[in-house]
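Participant: Input upload-v9.txt, format and content: compact mmCIF, C-alpha atoms and all ligand atoms.
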```txt
# COMPACT_ATOMS: atom_id res chain seq x y z
CA MET A 1 -171.74 -11.93 148.00
CA LYS A 2 -175.43 -12.02 147.09
CA ALA A 3 -176.58 -15.43 145.88
CA ILE A 4 -178.27 -15.36 142.47
CA SER A 5 -180.94 -17.94 141.82
CA PHE A 6 -181.93 -19.34 138.45
CA ALA A 7 -183.45 -22.31 140.25
CA ARG A 8 -187.17 -21.72 140.53
CA GLY A 9 -189.76 -20.35 138.13
CA ILE A 10 -190.67 -17.38 140.29
CA PRO A 11 -191.87 -14.02 138.97
CA ALA A 12 -189.82 -10.93 139.77
CA PRO A 13 -191.21 -9.32 142.97
CA GLU A 14 -191.58 -5.97 141.18
CA SER A 15 -193.91 -7.58 138.63
CA LEU A 16 -196.48 -8.56 141.28
CA PRO A 17 -199.40 -6.08 141.11
CA ARG A 18 -199.57 -5.53 144.86
CA ALA A 19 -201.65 -2.37 145.11
CA ASP A 20 -204.23 -3.50 142.54
CA LEU A 21 -204.62 -6.93 144.13
CA ALA A 22 -205.00 -5.41 147.61
CA ASP A 23 -207.75 -3.21 146.25
CA CYS A 24 -209.41 -6.09 144.41
CA ALA A 25 -209.31 -8.34 147.48
CA ARG A 26 -211.05 -5.70 149.59
CA ALA A 27 -213.62 -5.01 146.88
CA ALA A 28 -214.28 -8.75 146.40
CA ILE A 29 -214.98 -9.30 150.08
CA GLU A 30 -217.13 -6.18 150.36
CA ARG A 31 -219.11 -7.03 147.22
CA ASP A 32 -219.55 -10.77 147.70
CA GLY A 33 -218.46 -11.48 151.27
CA SER A 34 -221.39 -13.69 152.14
CA THR A 35 -220.32 -16.07 149.37
CA VAL A 36 -216.55 -15.93 149.53
CA LEU A 37 -216.31 -16.08 153.32
CA ASN A 38 -218.40 -19.23 153.41
CA TYR A 39 -218.10 -22.78 152.10
CA GLY A 40 -219.02 -22.97 148.46
CA PRO A 41 -218.93 -25.30 145.46
CA ALA A 42 -215.95 -27.66 145.16
CA GLY A 43 -215.43 -26.40 141.61
CA GLY A 44 -214.75 -22.86 142.81
CA TYR A 45 -216.07 -19.31 142.63
CA GLY A 46 -218.97 -19.10 140.14
CA PRO A 47 -218.19 -15.77 138.43
CA LEU A 48 -214.59 -16.78 137.71
CA ARG A 49 -215.71 -20.16 136.37
CA GLU A 50 -218.10 -18.31 134.08
CA TRP A 51 -215.41 -15.88 132.95
CA LEU A 52 -213.05 -18.73 132.09
CA ALA A 53 -215.83 -20.77 130.50
CA ALA A 54 -216.59 -17.87 128.14
CA ARG A 55 -212.91 -17.50 127.31
CA HIS A 56 -212.59 -21.20 126.46
CA ARG A 57 -216.06 -21.42 124.87
CA VAL A 58 -217.43 -24.15 127.14
CA GLY A 59 -220.13 -24.35 129.78
CA PRO A 60 -219.04 -23.29 133.33
CA GLU A 61 -219.68 -26.81 134.65
CA ARG A 62 -216.62 -27.89 132.62
CA VAL A 63 -214.29 -25.48 134.45
CA VAL A 64 -212.90 -26.58 137.81
CA LEU A 65 -210.87 -24.06 139.82
CA THR A 66 -208.18 -25.41 142.11
CA ASN A 67 -205.62 -24.01 144.53
CA GLY A 68 -202.98 -23.67 141.79
CA SER A 69 -202.92 -25.80 138.66
CA LEU A 70 -200.58 -28.38 140.16
CA GLN A 71 -203.38 -29.36 142.51
CA GLY A 72 -205.66 -29.71 139.50
CA PHE A 73 -203.12 -32.10 137.99
CA LEU A 74 -203.03 -34.11 141.21
CA PHE A 75 -206.83 -34.49 141.28
CA LEU A 76 -206.88 -35.49 137.64
CA ALA A 77 -204.08 -38.00 138.07
CA ARG A 78 -205.90 -39.52 141.06
CA CYS A 79 -208.95 -40.01 138.85
CA LEU A 80 -207.11 -41.37 135.82
CA ALA A 81 -203.73 -42.90 136.59
CA ARG A 82 -205.06 -46.25 137.76
CA ARG A 83 -206.71 -46.79 134.37
CA GLY A 84 -203.39 -47.29 132.58
CA PRO A 85 -199.87 -46.01 132.09
CA VAL A 86 -199.28 -42.26 132.05
CA LEU A 87 -197.25 -40.80 129.19
CA VAL A 88 -194.98 -37.84 129.96
CA GLU A 89 -192.35 -35.89 128.07
CA ALA A 90 -188.66 -36.42 128.81
CA PRO A 91 -187.68 -34.02 130.24
CA THR A 92 -190.83 -32.76 131.97
CA TYR A 93 -191.87 -30.55 134.90
CA ASP A 94 -190.49 -32.40 137.92
CA ARG A 95 -193.40 -31.91 140.33
CA PRO A 96 -196.01 -33.89 138.35
CA LEU A 97 -193.37 -36.55 137.80
CA ARG A 98 -192.84 -36.87 141.56
CA LEU A 99 -196.60 -36.88 142.22
CA LEU A 100 -197.08 -39.70 139.71
CA GLU A 101 -194.21 -41.65 141.26
CA ALA A 102 -195.63 -41.15 144.74
CA MET A 103 -199.01 -42.54 143.71
CA GLY A 104 -197.33 -45.58 142.16
CA ALA A 105 -198.45 -44.75 138.61
CA GLU A 106 -196.80 -46.51 135.71
CA VAL A 107 -195.01 -43.73 133.82
CA VAL A 108 -193.79 -44.04 130.21
CA THR A 109 -191.61 -41.29 128.76
CA LEU A 110 -191.52 -39.78 125.27
CA PRO A 111 -188.53 -37.87 123.91
CA LEU A 112 -188.49 -34.21 122.85
CA ASP A 113 -186.54 -32.72 119.98
CA ASP A 114 -186.23 -29.14 118.75
CA GLU A 115 -189.88 -29.08 117.62
CA GLY A 116 -191.13 -30.39 120.96
CA LEU A 117 -192.68 -33.78 121.70
CA ASP A 118 -191.57 -36.51 119.28
CA VAL A 119 -194.96 -37.52 117.92
CA ASN A 120 -193.45 -40.41 115.91
CA SER A 121 -192.41 -42.15 119.12
CA LEU A 122 -195.92 -41.69 120.47
CA GLU A 123 -197.48 -43.13 117.32
CA LEU A 124 -195.19 -46.14 117.50
CA LEU A 125 -196.20 -46.90 121.09
CA LEU A 126 -199.88 -46.53 120.28
CA ARG A 127 -199.53 -48.75 117.21
CA GLN A 128 -197.79 -51.36 119.34
CA GLY A 129 -200.90 -51.45 121.50
CA LEU A 130 -200.04 -49.24 124.47
CA ARG A 131 -203.26 -47.80 125.90
CA PRO A 132 -202.28 -44.95 128.23
CA SER A 133 -204.66 -43.35 130.69
CA PHE A 134 -203.44 -39.95 129.46
CA LEU A 135 -200.53 -38.03 128.02
CA TYR A 136 -199.29 -35.11 130.13
CA THR A 137 -197.79 -32.47 127.86
CA ILE A 138 -196.63 -28.84 128.13
CA PRO A 139 -196.69 -27.78 124.46
CA THR A 140 -195.77 -24.12 124.88
CA PHE A 141 -192.55 -22.82 126.48
CA GLN A 142 -192.15 -26.15 128.18
CA ASN A 143 -190.88 -26.43 131.71
CA PRO A 144 -187.98 -27.26 131.83
CA SER A 145 -186.77 -27.18 128.20
CA GLY A 146 -188.30 -23.88 127.01
CA LYS A 147 -189.35 -25.74 123.83
CA THR A 148 -192.59 -25.21 121.95
CA LEU A 149 -194.45 -27.85 119.95
CA SER A 150 -194.69 -26.80 116.31
CA LYS A 151 -198.07 -26.18 114.70
CA ALA A 152 -197.77 -29.18 112.38
CA ARG A 153 -197.04 -31.45 115.34
CA ARG A 154 -199.93 -30.01 117.31
CA ARG A 155 -202.27 -30.97 114.50
CA ARG A 156 -200.75 -34.44 114.25
CA LEU A 157 -200.92 -34.98 117.98
CA VAL A 158 -204.60 -34.06 118.08
CA ARG A 159 -205.32 -36.37 115.13
CA LEU A 160 -203.49 -39.24 116.82
CA ALA A 161 -205.35 -38.62 120.07
CA ARG A 162 -208.65 -38.90 118.20
CA ARG A 163 -207.62 -42.02 116.31
CA TYR A 164 -206.45 -43.86 119.42
CA ASP A 165 -208.90 -42.31 121.87
CA LEU A 166 -205.99 -40.92 123.86
CA LEU A 167 -206.70 -38.21 126.44
CA LEU A 168 -204.24 -35.31 126.21
CA VAL A 169 -203.65 -33.26 129.35
CA GLU A 170 -202.35 -29.91 128.12
CA ASP A 171 -200.64 -27.91 130.85
CA ASP A 172 -200.40 -24.33 129.62
CA PRO A 173 -199.33 -21.84 132.29
CA TYR A 174 -196.91 -20.02 129.95
CA GLY A 175 -198.84 -19.69 126.66
CA LEU A 176 -199.87 -16.09 127.40
CA VAL A 177 -196.42 -14.94 128.45
CA ARG A 178 -195.14 -14.92 124.87
CA PHE A 179 -192.92 -11.93 124.15
CA GLU A 180 -191.94 -12.76 120.54
CA GLY A 181 -193.56 -14.32 117.50
CA THR A 182 -197.21 -15.18 116.92
CA GLY A 183 -199.20 -17.42 119.21
CA LEU A 184 -199.99 -21.01 118.26
CA PRO A 185 -203.36 -22.67 118.72
CA THR A 186 -203.60 -24.74 121.87
CA LEU A 187 -204.26 -28.47 121.57
CA PHE A 188 -207.57 -27.75 123.26
CA GLU A 189 -208.52 -25.26 120.56
CA LEU A 190 -207.43 -27.59 117.75
CA ASP A 191 -209.33 -30.50 119.21
CA GLY A 192 -212.45 -28.75 120.41
CA GLY A 193 -212.07 -30.22 123.88
CA ALA A 194 -213.28 -33.82 123.47
CA ASN A 195 -209.85 -35.45 123.85
CA VAL A 196 -208.01 -32.64 125.62
CA VAL A 197 -208.06 -31.49 129.21
CA TYR A 198 -206.69 -27.95 129.35
CA GLY A 199 -205.00 -26.63 132.48
CA SER A 200 -203.64 -23.21 133.27
CA SER A 201 -203.37 -20.76 136.11
CA PHE A 202 -202.87 -17.14 137.09
CA SER A 203 -199.51 -17.93 138.70
CA LYS A 204 -197.40 -16.73 135.79
CA THR A 205 -199.75 -14.01 134.52
CA VAL A 206 -200.81 -12.31 137.78
CA ALA A 207 -199.31 -13.80 140.98
CA PRO A 208 -198.53 -17.35 142.14
CA GLY A 209 -199.48 -16.48 145.72
CA LEU A 210 -203.08 -16.23 144.62
CA ARG A 211 -202.97 -20.01 144.07
CA VAL A 212 -205.66 -19.85 141.41
CA GLY A 213 -205.42 -22.56 138.78
CA TYR A 214 -208.04 -24.30 136.67
CA LEU A 215 -208.86 -27.22 134.44
CA VAL A 216 -211.25 -27.32 131.49
CA LEU A 217 -212.54 -30.88 131.29
CA PRO A 218 -215.02 -33.06 129.43
CA ASN A 219 -218.29 -33.15 131.44
CA GLY A 220 -217.99 -36.54 133.14
CA LEU A 221 -214.40 -35.97 134.15
CA ALA A 222 -215.25 -32.53 135.54
CA SER A 223 -217.62 -34.17 138.04
CA GLU A 224 -215.00 -36.73 139.02
CA VAL A 225 -212.35 -34.05 139.58
CA GLU A 226 -214.85 -31.99 141.60
CA ALA A 227 -215.52 -35.02 143.78
CA GLU A 228 -211.76 -35.34 144.42
CA ALA A 229 -211.62 -31.64 145.27
CA SER A 230 -214.61 -31.89 147.58
CA SER A 231 -213.18 -34.82 149.51
CA THR A 232 -209.82 -33.02 149.82
CA TYR A 233 -210.78 -29.51 150.93
CA ILE A 234 -214.58 -29.16 150.62
CA THR A 235 -214.16 -25.79 148.86
CA PRO A 236 -211.04 -24.23 147.35
CA ALA A 237 -209.88 -20.84 148.67
CA LEU A 238 -212.62 -18.52 147.36
CA ILE A 239 -211.15 -15.15 148.34
CA PRO A 240 -208.21 -15.33 145.89
CA GLN A 241 -210.57 -16.57 143.17
CA ALA A 242 -212.94 -13.65 143.77
CA THR A 243 -209.94 -11.30 143.90
CA THR A 244 -208.75 -12.64 140.55
CA TYR A 245 -212.23 -12.24 139.12
CA GLU A 246 -212.33 -8.62 140.31
CA TYR A 247 -208.93 -8.04 138.72
CA LEU A 248 -210.13 -9.43 135.39
CA HIS A 249 -213.45 -7.63 135.62
CA ARG A 250 -211.70 -4.28 136.09
CA GLY A 251 -209.73 -4.89 132.88
CA LEU A 252 -206.35 -4.97 134.62
CA PHE A 253 -205.16 -8.31 133.22
CA GLU A 254 -203.94 -7.30 129.74
CA GLY A 255 -201.87 -4.33 130.91
CA ASN A 256 -200.24 -6.46 133.56
CA LEU A 257 -199.49 -9.17 131.01
CA ALA A 258 -197.79 -6.62 128.76
CA ARG A 259 -195.56 -5.55 131.67
CA ILE A 260 -194.70 -9.16 132.52
CA ARG A 261 -193.86 -9.95 128.89
CA ASP A 262 -191.52 -6.96 128.61
CA ALA A 263 -189.77 -7.86 131.85
CA LEU A 264 -189.33 -11.49 130.75
CA GLN A 265 -188.00 -10.50 127.35
CA ALA A 266 -185.35 -8.23 128.89
CA ARG A 267 -184.32 -11.09 131.18
CA ARG A 268 -184.24 -13.68 128.41
CA ASP A 269 -182.15 -11.31 126.28
CA ALA A 270 -179.69 -10.75 129.12
CA MET A 271 -179.31 -14.47 129.73
CA VAL A 272 -178.79 -15.37 126.08
CA ALA A 273 -176.31 -12.53 125.53
CA THR A 274 -174.26 -13.50 128.58
CA LEU A 275 -174.29 -17.18 127.63
CA ALA A 276 -173.01 -16.27 124.16
CA ARG A 277 -170.21 -14.26 125.74
CA GLU A 278 -169.27 -16.59 128.61
CA LEU A 279 -170.15 -20.09 127.43
CA PRO A 280 -169.97 -19.95 123.63
CA ASP A 281 -169.41 -23.72 123.32
CA ALA A 282 -172.58 -24.63 125.23
CA ARG A 283 -176.01 -25.06 123.57
CA TRP A 284 -179.18 -23.48 124.85
CA THR A 285 -182.79 -22.89 123.86
CA ALA A 286 -183.78 -19.26 123.32
CA PRO A 287 -187.52 -19.42 124.03
CA LYS A 288 -189.90 -16.75 122.73
CA GLY A 289 -191.79 -16.75 125.98
CA GLY A 290 -192.10 -18.47 129.33
CA TYR A 291 -189.67 -18.60 132.22
CA PHE A 292 -187.01 -21.17 131.37
CA LEU A 293 -184.01 -21.87 129.24
CA TRP A 294 -182.35 -25.30 128.90
CA LEU A 295 -178.59 -25.29 128.83
CA GLU A 296 -176.48 -28.17 127.52
CA LEU A 297 -172.92 -27.89 128.79
CA PRO A 298 -170.01 -27.98 126.34
CA GLU A 299 -168.75 -31.43 125.35
CA GLY A 300 -167.07 -33.28 128.19
CA PHE A 301 -168.75 -31.45 131.10
CA ARG A 302 -171.19 -32.99 133.54
CA THR A 303 -173.71 -31.00 135.56
CA ALA A 304 -172.95 -32.97 138.74
CA ASP A 305 -169.38 -31.63 138.65
CA VAL A 306 -170.63 -28.05 138.34
CA VAL A 307 -173.42 -27.89 140.96
CA SER A 308 -171.39 -27.48 144.14
CA ARG A 309 -168.84 -25.15 142.53
CA ALA A 310 -171.68 -23.00 141.25
CA GLN A 311 -173.28 -22.94 144.67
CA ALA A 312 -169.99 -21.89 146.25
CA ALA A 313 -169.73 -19.15 143.61
CA GLY A 314 -173.22 -17.93 144.56
CA VAL A 315 -175.38 -19.14 141.69
CA ARG A 316 -178.13 -21.74 141.79
CA PHE A 317 -179.98 -23.77 139.14
CA VAL A 318 -181.74 -27.12 138.84
CA PRO A 319 -179.73 -30.01 137.35
CA GLY A 320 -181.21 -31.41 134.14
CA SER A 321 -181.45 -34.94 135.55
CA ASP A 322 -184.20 -33.81 138.00
CA PHE A 323 -186.59 -33.59 135.05
CA PHE A 324 -186.14 -37.17 133.88
CA LEU A 325 -187.56 -40.36 135.28
CA GLY A 326 -184.49 -42.52 134.76
CA ARG A 327 -181.33 -41.51 132.99
CA GLY A 328 -181.10 -38.23 131.10
CA GLY A 329 -180.10 -34.61 131.50
CA GLU A 330 -176.71 -35.43 133.06
CA CYS A 331 -174.99 -32.74 130.97
CA ALA A 332 -177.83 -30.21 131.08
CA LEU A 333 -179.41 -27.76 133.47
CA ARG A 334 -182.50 -25.59 133.71
CA LEU A 335 -182.06 -21.86 134.10
CA ALA A 336 -185.05 -19.74 135.13
CA TYR A 337 -184.58 -16.18 133.91
CA SER A 338 -187.84 -14.94 135.44
CA LEU A 339 -186.66 -13.77 138.85
CA ALA A 340 -183.33 -11.94 138.68
CA PRO A 341 -183.05 -8.53 136.99
CA PRO A 342 -180.86 -8.36 133.83
CA ALA A 343 -177.72 -7.10 135.59
CA GLU A 344 -177.89 -9.97 138.10
CA ILE A 345 -178.50 -12.42 135.28
CA ASP A 346 -175.29 -11.23 133.67
CA GLU A 347 -173.41 -11.68 136.94
CA GLY A 348 -175.01 -15.08 137.65
CA VAL A 349 -174.23 -16.53 134.23
CA THR A 350 -170.65 -15.22 134.51
CA ARG A 351 -170.33 -17.05 137.84
CA LEU A 352 -171.83 -20.17 136.31
CA ALA A 353 -169.39 -20.08 133.40
CA ALA A 354 -166.49 -19.74 135.85
CA ALA A 355 -167.80 -22.77 137.78
CA VAL A 356 -167.99 -24.76 134.54
CA GLY A 357 -164.42 -23.70 133.69
CA CYS A 358 -163.18 -24.85 137.12
CA SER A 359 -164.85 -28.21 136.71
CA LEU A 360 -162.88 -28.74 133.48
CA ARG A 361 -159.61 -27.91 135.20
CA SER A 362 -160.22 -30.31 138.07
CA ALA A 363 -161.41 -33.08 135.72
CA ALA A 364 -158.34 -32.70 133.50
C1 LIG A 401 -195.65 -26.49 133.59
C2 LIG A 401 -196.15 -26.06 134.92
N1 LIG A 401 -197.35 -26.48 135.34
C3 LIG A 401 -197.85 -26.09 136.53
C4 LIG A 401 -197.12 -25.27 137.37
C5 LIG A 401 -197.70 -24.93 138.71
O1 LIG A 401 -198.47 -23.84 138.65
P1 LIG A 401 -199.44 -23.39 139.81
O2 LIG A 401 -198.75 -22.30 140.54
O3 LIG A 401 -200.67 -22.94 139.10
O4 LIG A 401 -199.71 -24.58 140.69
C6 LIG A 401 -195.88 -24.80 136.99
C7 LIG A 401 -195.09 -23.96 137.89
O5 LIG A 401 -193.93 -23.70 137.73
C8 LIG A 401 -195.37 -25.22 135.72
O6 LIG A 401 -194.16 -24.83 135.30
```
Can you turn what I pasted into structure tokens?
Facilitator:
Amino acid sequence: MKAISFARGIPAPESLPRADLADCARAAIERDGSTVLNYGPAGGYGPLREWLAARHRVGPERVVLTNGSLQGFLFLARCLARRGPVLVEAPTYDRPLRLLEAMGAEVVTLPLDDEGLDVNSLELLLRQGLRPSFLYTIPTFQNPSGKTLSKARRRRLVRLARRYDLLLVEDDPYGLVRFEGTGLPTLFELDGGANVVYGSSFSKTVAPGLRVGYLVLPNGLASEVEAEASSTYITPALIPQATTYEYLHRGLFEGNLARIRDALQARRDAMVATLARELPDARWTAPKGGYFLWLELPEGFRTADVVSRAQAAGVRFVPGSDFFLGRGGECALRLAYSLAPPAEIDEGVTRLAAAVGCSLRSAA
């Protein structure tokens, strides 16, 4: 029996543009080998910084390229977390949570509801005098919940950030992989960039193996993050950055994005349809983009009782509790629909539903 994984946010292998990237890598080295085969600036490959700077309407000195955006988050957190508590969403992407824990940061959580981050809870904390070093938020197709912050809340959040001089760290790897509905302005766009650090990467839009991520930062902070980068690796990997630049420069990005969006939509549709058929009493988000769906088990079921049965049945996922700091998510799980093709998604969700059914029988 082939194991089916809904565990990690990995793109489908067939969506990786292998031939084009091979060609771009060769061209990048041939064209600019003396730069990309040497040490270079800690902030990354100049032409890609300039390309991104133009896209985000800032100067290139405000763009710092890192080996994946998670590394950008780590550098930023190293610069900021000692200045005060860090606010995060509950649930949130587990890796930043673990990085913050490992560096001994004080972490304060804010709840999400169907419209995304509960801005009222944030306002209350700020009014009570909490002065966080920053708020880490994933407003669009959040990992793990698949939720998206509404436009009204985006505006309110940006206003609050201004009023309380709160730095927002907007992690946005999924904003461009929207396959339904109209796009929303980013916090960075609404704010103009004074109170928002924007982070994204080419992991979900081109290929994660490139390890090309970036931050757009206020000037002073950009220098601090660059200093962190310099003391960590001197220069980030320039060949993938130059390869990515070549890919963009050749105009291949948009067509690839369209293919990725179509593939994700077919997978999301398959997952939602199978859930409706096999687990009609559960609740789930049906995101209009991104990689993940959040499943709340039917009343009376606990994820911990399902995990090993699901594994034995050949289906994997991440338990909801992994995305919380303390309690939370005990009856939920994250399903990534990005990797498996639709037919396997159908089979995997059917196996999952059977594992849930067994856990009821043994609990009864
Ligand atoms: C919200 C979020 N941020 C960052 C990352 C990491 O991206 P990168 O590959 O650019 O390090 C991920 C990967 O799953 C993610 O879901």
Participant: Quote the spacing between CA of Arg62 in chain A and atom C4 of ligand LIG 401 (chain A) in Å to one decimal place.
Facilitator: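 These atoms are spaced 20.2 Å apart.
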Participant: Which is closest to Gly44 in chain A among A:Glu226, A:Asp94, A:Asp165, A:Asp23, if we use all atoms listed in the file?
Facilitator: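 Comparing A:Glu226, A:Asp94, A:Asp165, A:Asp23 against Gly44 in chain A, the winner is A:Glu226.
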Participant: Could you give me the residues within 8 Å of ligand LIG 401 (chain A), counting only C-alpha atoms and all ligand atoms, as JSON, numbers by chain?
Facilitator: {"A": [8, 9, 10, 67, 68, 69, 70, 71, 72, 93, 138, 142, 143, 144, 171, 172, 173, 174, 200, 201, 202, 203, 204, 208, 209, 211, 212, 213, 214]}
Participant: Residues within 9 Å of range 118-128 of chain A, please, as a ChimeraX atom specification. Count only C-alpha atoms; anything in the same chain fewer than 3 positions from it doesn't count.
Facilitator: /A:87,89,110-113,115,131-132,153,156-157,160,164
Participant: Rounded to one decimal, what separation in Å do you get between CA of Thr350 in chain A and CA of Leu279 in chain A?
Facilitator: 8.6 Å
Participant: Rank A:Val169, A:Ala353, A:Leu97, A:Cys24 by their smallest atom-to-atom distance to Arg309 in chain A, using all atoms listed in the file, and report the top residue only.
Facilitator: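 Looking only at the distances to Arg309 in chain A, the closest residue turns out to be A:Ala353.
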Participant: What separation in Å, quoted to one decimal, exists between CA of Pro280 in chain A and CA of Thr303 in chain A?
Facilitator: 16.7 Å
Participant: Hey, which of A:Val64, A:Ser133, A:Thr109, A:Leu48 ends up closest to Arg82 in chain A? Count all atoms listed in the file.
Facilitator: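 Of all the options, A:Ser133 lies closest to Arg82 in chain A.
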Participant: Against range 251-269 of chain A, which residues of range 176-201 of chain A fall within 8 Å? For each one I want the closest pair of atoms and the distance in Å (one decimal), counting only C-alpha atoms, rows by chain and increasing residue number, as JSON lines.
Facilitator:
```
{"residue": "A:Leu176", "atom": "CA", "partner": "A:Leu257", "partner_atom": "CA", "distance": 7.8}
{"residue": "A:Val177", "atom": "CA", "partner": "A:Arg261", "partner_atom": "CA", "distance": 5.6}
{"residue": "A:Arg178", "atom": "CA", "partner": "A:Arg261", "partner_atom": "CA", "distance": 6.5}
{"residue": "A:Phe179", "atom": "CA", "partner": "A:Arg261", "partner_atom": "CA", "distance": 5.2}
```
Participant: Would you output that residue set with C-alpha atoms, as a CSV table (one decimal), in the frame of the given file?
Facilitator:
```csv
chain,number,residue,atom,x,y,z
A,176,LEU,CA,-199.9,-16.1,127.4
A,177,VAL,CA,-196.4,-14.9,128.4
A,178,ARG,CA,-195.1,-14.9,124.9
A,179,PHE,CA,-192.9,-11.9,124.2
```
Participant: Just want the 6 Å neighbourhood of Ala332 in chain A, counted on all atoms listed in the file, with same-chain residues fewer than 2 positions away dropped. Output as a ChimeraX atom specification.
Facilitator: /A:295-297,320,329-330
Participant: If you count only C-alpha atoms, which residues fall within 8 Å of Leu149 in chain A, apart from same-chain ones fewer than 3 positions away, as an NGL selection string?
Facilitator: :A and (115-117 or 139-140 or 153-154)
Participant: So which residues touch Val88 in chain A within 8 Å, counting only C-alpha atoms, skipping near sequence neighbours fewer than 6 positions away, as a short mmCIF file (atom, residue, chain, number, x, y, z; two decimals) with C-alpha atoms, keeping the file's coordinate frame?
Facilitator:
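Result saved to part09.cif:
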```
data_model
loop_
_atom_site.label_atom_id
_atom_site.label_comp_id
_atom_site.auth_asym_id
_atom_site.auth_seq_id
_atom_site.Cartn_x
_atom_site.Cartn_y
_atom_site.Cartn_z
CA VAL A 107 -195.01 -43.73 133.82
CA VAL A 108 -193.79 -44.04 130.21
CA THR A 109 -191.61 -41.29 128.76
CA LEU A 110 -191.52 -39.78 125.27
CA LEU A 135 -200.53 -38.03 128.02
CA TYR A 136 -199.29 -35.11 130.13
CA THR A 137 -197.79 -32.47 127.86
#
```
Participant: Closest to Pro47 in chain A among A:Thr285, A:Thr243, A:Ser145, A:Ser321, using only C-alpha atoms?
Facilitator: A:Thr243
Participant: Which residue is closest to Val349 in chain A? Choose from A:Thr274, A:Thr186, A:Thr35, A:Ser230 and count only C-alpha atoms.
Facilitator: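 Smallest separation from Val349 in chain A among the options: A:Thr274.
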Participant: Pick the closest to Gly199 in chain A from A:Val306, A:Ala105, A:Leu74, A:Leu166: which is it, counting all atoms listed in the file?
Facilitator: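 Using all atoms listed in the file, the shortest distance to Gly199 in chain A belongs to A:Leu74.
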Participant: Kindly output range 89-100 of chain A as a PDB file, in the coordinates of the input, after building N, CA, C and O atoms.
Facilitator:
```pdb
ATOM      1  N   GLU A  89    -193.496 -36.275 128.882  1.00  0.00           N
ATOM      2  CA  GLU A  89    -192.350 -35.890 128.070  1.00  0.00           C
ATOM      3  C   GLU A  89    -191.061 -36.091 128.866  1.00  0.00           C
ATOM      4  O   GLU A  89    -191.064 -36.029 130.090  1.00  0.00           O
ATOM      5  N   ALA A  90    -189.968 -36.309 128.152  1.00  0.00           N
ATOM      6  CA  ALA A  90    -188.660 -36.420 128.810  1.00  0.00           C
ATOM      7  C   ALA A  90    -187.710 -35.429 128.136  1.00  0.00           C
ATOM      8  O   ALA A  90    -187.384 -35.626 126.984  1.00  0.00           O
ATOM      9  N   PRO A  91    -187.375 -34.330 128.849  1.00  0.00           N
ATOM     10  CA  PRO A  91    -187.680 -34.020 130.240  1.00  0.00           C
ATOM     11  C   PRO A  91    -189.093 -33.441 130.398  1.00  0.00           C
ATOM     12  O   PRO A  91    -189.699 -33.016 129.429  1.00  0.00           O
ATOM     13  N   THR A  92    -189.558 -33.415 131.658  1.00  0.00           N
ATOM     14  CA  THR A  92    -190.830 -32.760 131.970  1.00  0.00           C
ATOM     15  C   THR A  92    -190.735 -32.064 133.335  1.00  0.00           C
ATOM     16  O   THR A  92    -189.765 -32.270 134.085  1.00  0.00           O
ATOM     17  N   TYR A  93    -191.745 -31.254 133.610  1.00  0.00           N
ATOM     18  CA  TYR A  93    -191.870 -30.550 134.900  1.00  0.00           C
ATOM     19  C   TYR A  93    -191.737 -31.589 136.023  1.00  0.00           C
ATOM     20  O   TYR A  93    -192.459 -32.590 136.035  1.00  0.00           O
ATOM     21  N   ASP A  94    -190.809 -31.363 136.938  1.00  0.00           N
ATOM     22  CA  ASP A  94    -190.490 -32.400 137.920  1.00  0.00           C
ATOM     23  C   ASP A  94    -191.595 -32.681 138.937  1.00  0.00           C
ATOM     24  O   ASP A  94    -191.749 -33.816 139.397  1.00  0.00           O
ATOM     25  N   ARG A  95    -192.411 -31.685 139.260  1.00  0.00           N
ATOM     26  CA  ARG A  95    -193.400 -31.910 140.330  1.00  0.00           C
ATOM     27  C   ARG A  95    -194.472 -32.935 139.941  1.00  0.00           C
ATOM     28  O   ARG A  95    -194.741 -33.862 140.710  1.00  0.00           O
ATOM     29  N   PRO A  96    -195.076 -32.831 138.749  1.00  0.00           N
ATOM     30  CA  PRO A  96    -196.010 -33.890 138.350  1.00  0.00           C
ATOM     31  C   PRO A  96    -195.361 -35.269 138.313  1.00  0.00           C
ATOM     32  O   PRO A  96    -195.971 -36.271 138.711  1.00  0.00           O
ATOM     33  N   LEU A  97    -194.102 -35.283 137.864  1.00  0.00           N
ATOM     34  CA  LEU A  97    -193.370 -36.550 137.800  1.00  0.00           C
ATOM     35  C   LEU A  97    -193.296 -37.182 139.195  1.00  0.00           C
ATOM     36  O   LEU A  97    -193.567 -38.370 139.378  1.00  0.00           O
ATOM     37  N   ARG A  98    -192.950 -36.353 140.189  1.00  0.00           N
ATOM     38  CA  ARG A  98    -192.840 -36.870 141.560  1.00  0.00           C
ATOM     39  C   ARG A  98    -194.205 -37.279 142.119  1.00  0.00           C
ATOM     40  O   ARG A  98    -194.323 -38.273 142.830  1.00  0.00           O
ATOM     41  N   LEU A  99    -195.260 -36.522 141.755  1.00  0.00           N
ATOM     42  CA  LEU A  99    -196.600 -36.880 142.220  1.00  0.00           C
ATOM     43  C   LEU A  99    -197.013 -38.233 141.641  1.00  0.00           C
ATOM     44  O   LEU A  99    -197.573 -39.082 142.341  1.00  0.00           O
ATOM     45  N   LEU A 100    -196.725 -38.432 140.353  1.00  0.00           N
ATOM     46  CA  LEU A 100    -197.080 -39.700 139.710  1.00  0.00           C
ATOM     47  C   LEU A 100    -196.308 -40.847 140.351  1.00  0.00           C
ATOM     48  O   LEU A 100    -196.867 -41.916 140.619  1.00  0.00           O
TER      49      LEU A 100
END
```
